[in-house]
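S.K.: Pasting target.pdb here (PDB, C-alpha atoms):
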```
ATOM      1  CA  MET A  12      63.380-183.026-225.571
ATOM      2  CA  MET A  13      65.914-182.381-228.325
ATOM      3  CA  MET A  14      67.198-184.357-231.262
ATOM      4  CA  ILE A  15      70.975-184.021-230.973
ATOM      5  CA  LEU A  16      73.385-184.806-233.809
ATOM      6  CA  ILE A  17      76.666-186.283-232.611
ATOM      7  CA  ALA A  18      79.476-185.015-234.845
ATOM      8  CA  GLY A  19      83.117-186.034-234.860
ATOM      9  CA  PRO A  20      85.729-187.913-236.848
ATOM     10  CA  TYR A  21      84.514-190.707-239.113
ATOM     11  CA  ARG A  22      87.114-191.024-241.903
ATOM     12  CA  SER A  23      89.608-188.543-240.481
ATOM     13  CA  GLY A  24      92.976-190.046-239.684
ATOM     14  CA  THR A  25      92.007-193.508-240.906
ATOM     15  CA  GLY A  26      93.487-193.705-244.404
ATOM     16  CA  ASN A  27      90.094-195.342-245.127
ATOM     17  CA  ASP A  28      91.104-198.387-243.049
ATOM     18  CA  PRO A  29      87.795-200.094-242.120
ATOM     19  CA  ILE A  30      89.043-201.029-238.645
ATOM     20  CA  LEU A  31      90.014-197.427-237.857
ATOM     21  CA  ILE A  32      86.744-196.143-239.324
ATOM     22  CA  GLN A  33      84.862-198.546-237.042
ATOM     23  CA  GLN A  34      86.854-197.235-234.064
ATOM     24  CA  ASN A  35      85.795-193.701-235.001
ATOM     25  CA  MET A  36      82.192-194.875-235.352
ATOM     26  CA  ASP A  37      82.393-196.437-231.894
ATOM     27  CA  ARG A  38      83.557-193.066-230.517
ATOM     28  CA  LEU A  39      80.682-191.327-232.312
ATOM     29  CA  GLU A  40      78.184-193.786-230.856
ATOM     30  CA  ALA A  41      79.561-193.675-227.293
ATOM     31  CA  PRO A  42      77.520-190.588-226.258
ATOM     32  CA  ALA A  43      74.294-191.867-227.862
ATOM     33  CA  LEU A  44      73.012-193.850-224.880
ATOM     34  CA  PRO A  45      73.863-191.127-222.335
ATOM     35  CA  ILE A  46      72.025-188.587-224.532
ATOM     36  CA  PHE A  47      69.043-190.935-224.711
ATOM     37  CA  ARG A  48      69.118-191.365-220.933
ATOM     38  CA  LYS A  49      68.997-187.572-220.555
ATOM     39  CA  GLY A  50      65.639-187.781-222.335
ATOM     40  CA  HIS A  51      66.749-186.729-225.822
ATOM     41  CA  ILE A  52      67.021-188.413-229.228
ATOM     42  CA  PRO A  53      70.618-189.057-230.316
ATOM     43  CA  MET A  54      71.370-188.989-234.031
ATOM     44  CA  ILE A  55      74.467-189.671-236.097
ATOM     45  CA  GLY A  56      74.625-188.776-239.779
ATOM     46  CA  GLU A  57      76.246-192.118-240.619
ATOM     47  CA  TRP A  58      73.198-193.934-239.209
ATOM     48  CA  VAL A  59      71.324-192.466-242.174
ATOM     49  CA  ALA A  60      74.093-192.219-244.767
ATOM     50  CA  ASN A  61      75.685-195.674-244.442
ATOM     51  CA  PRO A  62      72.574-197.736-245.317
ATOM     52  CA  LEU A  63      71.779-195.358-248.191
ATOM     53  CA  MET A  64      75.297-195.680-249.574
ATOM     54  CA  LYS A  65      75.078-199.464-249.355
ATOM     55  CA  MET A  66      71.733-199.473-251.195
ATOM     56  CA  ALA A  67      73.177-197.148-253.848
ATOM     57  CA  GLY A  68      76.045-199.558-254.492
ATOM     58  CA  SER A  69      78.994-197.859-252.825
ATOM     59  CA  LYS A  70      81.998-200.156-252.944
ATOM     60  CA  GLU A  71      84.425-198.265-250.718
ATOM     61  CA  VAL A  72      84.711-195.283-248.455
ATOM     62  CA  GLY A  73      85.394-192.190-250.523
ATOM     63  CA  ASP A  74      83.979-193.437-253.829
ATOM     64  CA  ALA A  75      81.585-191.326-255.920
ATOM     65  CA  ILE A  76      78.489-192.727-254.197
ATOM     66  CA  PHE A  77      80.008-192.025-250.783
ATOM     67  CA  THR A  78      80.675-188.434-251.847
ATOM     68  CA  GLU A  79      77.161-188.051-253.239
ATOM     69  CA  ILE A  80      75.470-189.209-250.032
ATOM     70  CA  GLN A  81      77.712-188.868-246.951
ATOM     71  CA  TYR A  82      77.715-185.152-246.167
ATOM     72  CA  PRO A  83      74.371-184.288-247.775
ATOM     73  CA  ALA A  84      72.631-186.931-245.627
ATOM     74  CA  SER A  85      74.262-185.593-242.484
ATOM     75  CA  HIS A  86      73.332-182.010-243.346
ATOM     76  CA  ARG A  87      69.711-182.957-244.061
ATOM     77  CA  VAL A  88      69.493-184.713-240.709
ATOM     78  CA  LEU A  89      71.131-181.766-238.986
ATOM     79  CA  ALA A  90      68.486-179.435-240.411
ATOM     80  CA  LYS A  91      65.900-181.426-238.408
ATOM     81  CA  CYS A  92      67.926-181.427-235.179
ATOM     82  CA  ASP A  93      67.717-179.062-232.243
ATOM     83  CA  ALA A  94      71.376-179.260-231.231
ATOM     84  CA  ILE A  95      74.736-180.783-232.033
ATOM     85  CA  LEU A  96      77.346-182.426-229.826
ATOM     86  CA  ARG A  97      80.822-181.996-231.306
ATOM     87  CA  ILE A  98      83.053-184.710-229.878
ATOM     88  CA  GLU A  99      86.837-184.420-229.830
ATOM     89  CA  GLY A 100      89.015-185.133-232.816
ATOM     90  CA  VAL A 101      90.086-183.556-236.068
ATOM     91  CA  SER A 102      87.289-183.705-238.633
ATOM     92  CA  ASN A 103      86.527-181.331-241.490
ATOM     93  CA  GLY A 104      83.066-182.883-241.861
ATOM     94  CA  ALA A 105      82.218-182.380-238.184
ATOM     95  CA  ASP A 106      83.544-178.819-238.366
ATOM     96  CA  GLN A 107      81.230-178.239-241.346
ATOM     97  CA  ASP A 108      78.360-179.653-239.288
ATOM     98  CA  VAL A 109      79.092-177.217-236.451
ATOM     99  CA  LYS A 110      79.274-174.315-238.894
ATOM    100  CA  LEU A 111      75.912-175.297-240.382
ATOM    101  CA  ALA A 112      74.401-175.808-236.925
ATOM    102  CA  LYS A 113      75.434-172.287-235.907
ATOM    103  CA  LYS A 114      74.015-170.903-239.159
ATOM    104  CA  LEU A 115      70.728-172.680-238.392
ATOM    105  CA  GLY A 116      70.732-171.269-234.858
ATOM    106  CA  LEU A 117      71.076-174.655-233.183
ATOM    107  CA  LYS A 118      72.633-175.198-229.783
ATOM    108  CA  VAL A 119      76.213-176.432-230.015
ATOM    109  CA  TYR A 120      77.608-178.555-227.201
ATOM    110  CA  TYR A 121      81.219-179.653-226.793
ATOM    111  CA  ASP A 122      80.723-181.604-223.560
ATOM    112  CA  ILE A 123      77.928-184.081-222.919
ATOM    113  CA  ASN A 124      77.738-182.823-219.338
ATOM    114  CA  ASP A 125      76.524-179.461-220.667
ATOM    115  CA  ILE A 126      73.457-181.049-222.243
ATOM    116  CA  PRO A 127      70.549-180.547-219.858
ATOM    117  CA  ASP A 128      68.115-183.311-219.007
ATOM    118  CA  ALA A 129      64.860-183.136-220.967
ATOM    119  CA  GLU A 130      61.930-181.801-219.021
TER     120      GLU A 130
END
```
Would you kindly transcribe this structure into structure tokens?
M.R.:
Amino acid sequence: MMMILIAGPYRSGTGNDPILIQQNMDRLEAPALPIFRKGHIPMIGEWVANPLMKMAGSKEVGDAIFTEIQYPASHRVLAKCDAILRIEGVSNGADQDVKLAKKLGLKVYYDINDIPDAE
């Protein structure tokens, strides 16, 4: 069983439009249930970062609180993961996650079908 971080666009290409950000979040969350059904634990950095940013008083995507918490939260979570699934789409943050995952020696998947079932 692995904990697998799902990485992909969150803000990228949205102009910080909340509707477009939610569409990106929906795409990030789409592989979560299939990963769970393979016997693993899906994780998304925003599942940790977004509630923390709200508690810290963030008023909008990209503000100082967002910057303080968003990527650091994702990277801390990634350090506890066994693998990463990089979904399609342009994203500097997701590319940073993949780079960190490789540095940590984690498995990097680009297709959910390549993730084996847990034993």
S.K.: On this file, the PyMOL selection byres ((chain A and resi 71-83) around 9) gives some set of residues; write that set as a list in words.
M.R.: Arg22, Asn27, Asp28, Pro29, Gly56, Glu57, Val59, Ala60, Asn61, Leu63, Met64, Lys65, Ala67, Gly68, Ser69, Lys70, Ala84, Ser85, His86, Arg87, Val88, Gly104 and Asp108 of chain A
S.K.: Go ahead and write the selection's residues with C-alpha atoms as a CSV table (one decimal), keeping the file's coordinate frame.
M.R.:
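Output saved as selection-v7.csv:
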```
chain,number,residue,atom,x,y,z
A,22,ARG,CA,87.1,-191.0,-241.9
A,27,ASN,CA,90.1,-195.3,-245.1
A,28,ASP,CA,91.1,-198.4,-243.0
A,29,PRO,CA,87.8,-200.1,-242.1
A,56,GLY,CA,74.6,-188.8,-239.8
A,57,GLU,CA,76.2,-192.1,-240.6
A,59,VAL,CA,71.3,-192.5,-242.2
A,60,ALA,CA,74.1,-192.2,-244.8
A,61,ASN,CA,75.7,-195.7,-244.4
A,63,LEU,CA,71.8,-195.4,-248.2
A,64,MET,CA,75.3,-195.7,-249.6
A,65,LYS,CA,75.1,-199.5,-249.4
A,67,ALA,CA,73.2,-197.1,-253.8
A,68,GLY,CA,76.0,-199.6,-254.5
A,69,SER,CA,79.0,-197.9,-252.8
A,70,LYS,CA,82.0,-200.2,-252.9
A,84,ALA,CA,72.6,-186.9,-245.6
A,85,SER,CA,74.3,-185.6,-242.5
A,86,HIS,CA,73.3,-182.0,-243.3
A,87,ARG,CA,69.7,-183.0,-244.1
A,88,VAL,CA,69.5,-184.7,-240.7
A,104,GLY,CA,83.1,-182.9,-241.9
A,108,ASP,CA,78.4,-179.7,-239.3
```
S.K.: Any idea what the distance is between atom CA of A:Gly50 and atom CA of A:Gln33?
M.R.: 26.5 Å
S.K.: What's around A:Val109 at 10 Å? Count all atoms listed in the file, leave out sequence neighbours fewer than 2 positions away in its own chain, and write the answer as a ChimeraX atom specification.
M.R.: /A:16,18-19,89,94-97,103-107,111-115,117-120
S.K.: Give me, as a PyMOL selection string, all polymer residues having an atom no more than 7 Å from A:Pro53, counting all atoms listed in the file and skipping those fewer than 4 positions away in the same chain.
M.R.: chain A and resi 14-16+43+46-47
S.K.: Store the residues picked out above in a file with C-alpha atoms, as a PDB file, in the frame of the given file.
M.R.:
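Okay, out-v5.pdb is ready:
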```
ATOM      1  CA  MET A  14      67.198-184.357-231.262  1.00  0.00           C
ATOM      2  CA  ILE A  15      70.975-184.021-230.973  1.00  0.00           C
ATOM      3  CA  LEU A  16      73.385-184.806-233.809  1.00  0.00           C
ATOM      4  CA  ALA A  43      74.294-191.867-227.862  1.00  0.00           C
ATOM      5  CA  ILE A  46      72.025-188.587-224.532  1.00  0.00           C
ATOM      6  CA  PHE A  47      69.043-190.935-224.711  1.00  0.00           C
TER       7      PHE A  47
END
```
S.K.: Using Å and a single decimal, report how far atom CA of A:Met12 sits from atom CA of A:Lys49.
M.R.: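 Atom CA of A:Met12 lies 8.8 Å from atom CA of A:Lys49.
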